[in-house]
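Below is one structure, written out as structure tokens; the observations come after it.
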Amino acid sequence: MSDRRGTFLLTACLLLGGCGFSPLYGKLTPKSDMSEELAQVYVDNIPGRYGQLLRLALQKNLAGAGPEDPHKYMLKVYSSMNEEAVDIHEDNTSGRTRSTGSAHWVLITVEQNPRMLAQGDATTLDGFNTTFEQYFAQTLNDETLQARVSDTLAQSVTQQLAIWFRSHNMPEKAAPDELPRYLNTDRMPDDNGNAATDRTGVDGFPASATGRLSRSTTSTSAQ
């Protein structure tokens with residue numbers, strides 16, 4: 001049975017190779033190898049503690065296992081990480097912290113008159129459960145969250161760069177007007193009587209849409 005499984009897996013791999021399947025930035029053929037181009041990208045400084053985490057993650061992804069010595073391109077990244085409280089309890093405390101990380105990157109040449117080659121955007125959503133009674137654990141959770149967000153954004157930016165080096169197609173950017181909106185009951189209508197609205201978050205839900213009922217309210221509703 002094990003021999004049959006091994007033969008099946010080998011046949012499947014050969015069929016994938018025949019269909020043109022190849023890693024995005026792996027060393028398979030000179031045409032499909034984007035690792036050499038990625039290794040030539042210098043990541044410019046990103047301010048702040050979170051910015052340094054993102055820069056280190058990008059340097060690790062772009063350099064790969066080889067030595068880091070970029071001279072051909074420069075990558076400028078403008079990133080932000082926002083945290084908001086969701087899962088609001090009756091005592092106005094929060095049971096979860098939701099974080100939205102975003103990064104806008106610009107790839108330029110390293111020469112006397114630099115040229116912009118490509119640009120794109122990456123977003124990610126993460127979070128952790130809040131523990132107010134354990135402040136040390138809360139701090140560790142927040143630091144771990146920043147590391148996860150920076151790693152995820154670095155992977156997305158690296159993938160977009162690899163796609164551009166291979167196809168020279170600019171990544172598509174979603175129009176802000178296409179995001180859904182929701183009524184904000186905490187704001188007054190405008191002078192024309194139009195209700196106030198806000199856009200949703202990356203996950204499609206506003207913070208005010210997540211709450212928690214008390215046990216007494218839940219049991220009463222169930223009855």
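Ligands are numbered from 1 in the order shown, chains are lettered A, B, ... in the order of the structure tokens, and residues start at 1 in each chain.
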(message) List the spatial neighbours of Arg55 in chain A as a list in words - criterion: any atom at most 9 Å away, only C-alpha atoms, same-chain residues fewer than 2 positions off excluded.
(response)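 What passes the distance filter is Val43, Asp44, Asn45, Ile46, Tyr50, Gly51, Gln52, Leu53, Ala57, Leu58, Gln59, Lys60, Val77, Ser150 and Ala154 of chain A.
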Could you write those residues out with N, CA and C atoms, as a PDB file, in the first residue's frame?
ATOM      1  N   VAL A  43      15.572  47.376   1.782  1.00  0.00           N
ATOM      2  CA  VAL A  43      14.395  47.860   2.505  1.00  0.00           C
ATOM      3  C   VAL A  43      14.775  49.111   3.285  1.00  0.00           C
ATOM      4  N   ASP A  44      14.150  50.218   2.945  1.00  0.00           N
ATOM      5  CA  ASP A  44      14.427  51.483   3.624  1.00  0.00           C
ATOM      6  C   ASP A  44      13.914  51.423   5.060  1.00  0.00           C
ATOM      7  N   ASN A  45      14.432  52.307   5.903  1.00  0.00           N
ATOM      8  CA  ASN A  45      14.052  52.329   7.312  1.00  0.00           C
ATOM      9  C   ASN A  45      12.560  52.615   7.478  1.00  0.00           C
ATOM     10  N   ILE A  46      11.922  51.892   8.411  1.00  0.00           N
ATOM     11  CA  ILE A  46      10.519  52.098   8.763  1.00  0.00           C
ATOM     12  C   ILE A  46      10.479  52.530  10.221  1.00  0.00           C
ATOM     13  N   TYR A  50       7.228  48.787  15.797  1.00  0.00           N
ATOM     14  CA  TYR A  50       6.512  47.929  14.855  1.00  0.00           C
ATOM     15  C   TYR A  50       7.128  48.019  13.462  1.00  0.00           C
ATOM     16  N   GLY A  51       7.563  49.217  13.073  1.00  0.00           N
ATOM     17  CA  GLY A  51       8.203  49.383  11.766  1.00  0.00           C
ATOM     18  C   GLY A  51       9.484  48.583  11.647  1.00  0.00           C
ATOM     19  N   GLN A  52      10.251  48.501  12.744  1.00  0.00           N
ATOM     20  CA  GLN A  52      11.476  47.714  12.707  1.00  0.00           C
ATOM     21  C   GLN A  52      11.184  46.220  12.581  1.00  0.00           C
ATOM     22  N   LEU A  53      10.113  45.765  13.238  1.00  0.00           N
ATOM     23  CA  LEU A  53       9.721  44.361  13.090  1.00  0.00           C
ATOM     24  C   LEU A  53       9.354  44.053  11.645  1.00  0.00           C
ATOM     25  N   ALA A  57      11.344  41.514   9.015  1.00  0.00           N
ATOM     26  CA  ALA A  57      10.627  40.433   8.342  1.00  0.00           C
ATOM     27  C   ALA A  57      10.788  40.534   6.828  1.00  0.00           C
ATOM     28  N   LEU A  58      10.750  41.741   6.289  1.00  0.00           N
ATOM     29  CA  LEU A  58      10.938  41.931   4.843  1.00  0.00           C
ATOM     30  C   LEU A  58      12.363  41.560   4.427  1.00  0.00           C
ATOM     31  N   GLN A  59      13.343  41.968   5.223  1.00  0.00           N
ATOM     32  CA  GLN A  59      14.731  41.632   4.892  1.00  0.00           C
ATOM     33  C   GLN A  59      14.944  40.121   4.885  1.00  0.00           C
ATOM     34  N   LYS A  60      14.338  39.430   5.837  1.00  0.00           N
ATOM     35  CA  LYS A  60      14.475  37.973   5.901  1.00  0.00           C
ATOM     36  C   LYS A  60      13.828  37.317   4.690  1.00  0.00           C
ATOM     37  N   VAL A  77       8.365  51.471   2.468  1.00  0.00           N
ATOM     38  CA  VAL A  77       7.122  50.937   3.005  1.00  0.00           C
ATOM     39  C   VAL A  77       6.537  51.924   4.013  1.00  0.00           C
ATOM     40  N   SER A 150       3.306  41.999  11.388  1.00  0.00           N
ATOM     41  CA  SER A 150       4.447  42.359  10.552  1.00  0.00           C
ATOM     42  C   SER A 150       4.880  41.189   9.669  1.00  0.00           C
ATOM     43  N   ALA A 154       4.714  41.291   5.620  1.00  0.00           N
ATOM     44  CA  ALA A 154       5.960  41.065   4.884  1.00  0.00           C
ATOM     45  C   ALA A 154       5.793  39.965   3.840  1.00  0.00           C
TER      46      ALA A 154
END
(request) Would you mind writing down, as a count of residues only, each residue of range 61-197 of chain A that DSSP on the backbone assigns to helix (DSSP H, G or I)? (result) 39
(message) Using Å and a single decimal, report how far CA of Thr123 in chain A sits from CA of Leu161 in chain A.
(response) 14.9 Å
(request) Write out as a ChimeraX atom specification all residues of range 84-191 of chain A that backbone DSSP assigns to strand (DSSP E). (result) /A:84-88,94-109,116-129,181-183
(message) Here is a test: counting only C-alpha atoms, which residue of A:Gln155, A:Gln40, A:Thr197, A:Thr131 is nearest to Val110 in chain A?
(response)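 Closest to Val110 in chain A of all the choices is A:Gln40.
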(message) For a quick check of understanding, using only C-alpha atoms, which of A:Ala103, A:Val157, A:Lys72, A:Gln119 has the smallest distance to Glu37 in chain A?
(response) A:Lys72
(message) I'd like the contact shell of Gly64 in chain A - 9 Å cut-off, only C-alpha atoms, skipping same-chain residues fewer than 5 positions apart - returned as a ChimeraX atom specification.
(response) /A:35,38-39,59
(request) Check the smallest atom-to-atom distance from each of A:Pro70, A:Ser80, A:Asp151, A:Thr158 to Gly120 in chain A using only C-alpha atoms, then report the winner. (result) A:Thr158
(request) Within 7 Å of range 91-98 of chain A, counting only C-alpha atoms, which residues show up once you throw out same-chain ones fewer than 5 positions away? Write them as a PyMOL selection string, please. (result) chain A and resi 83-86+126-130
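Nearest to Ala195 in chain A of all the residues A:Gln159, A:Ala63, A:Arg181, A:Gln134 is A:Arg181, based on only C-alpha atoms.
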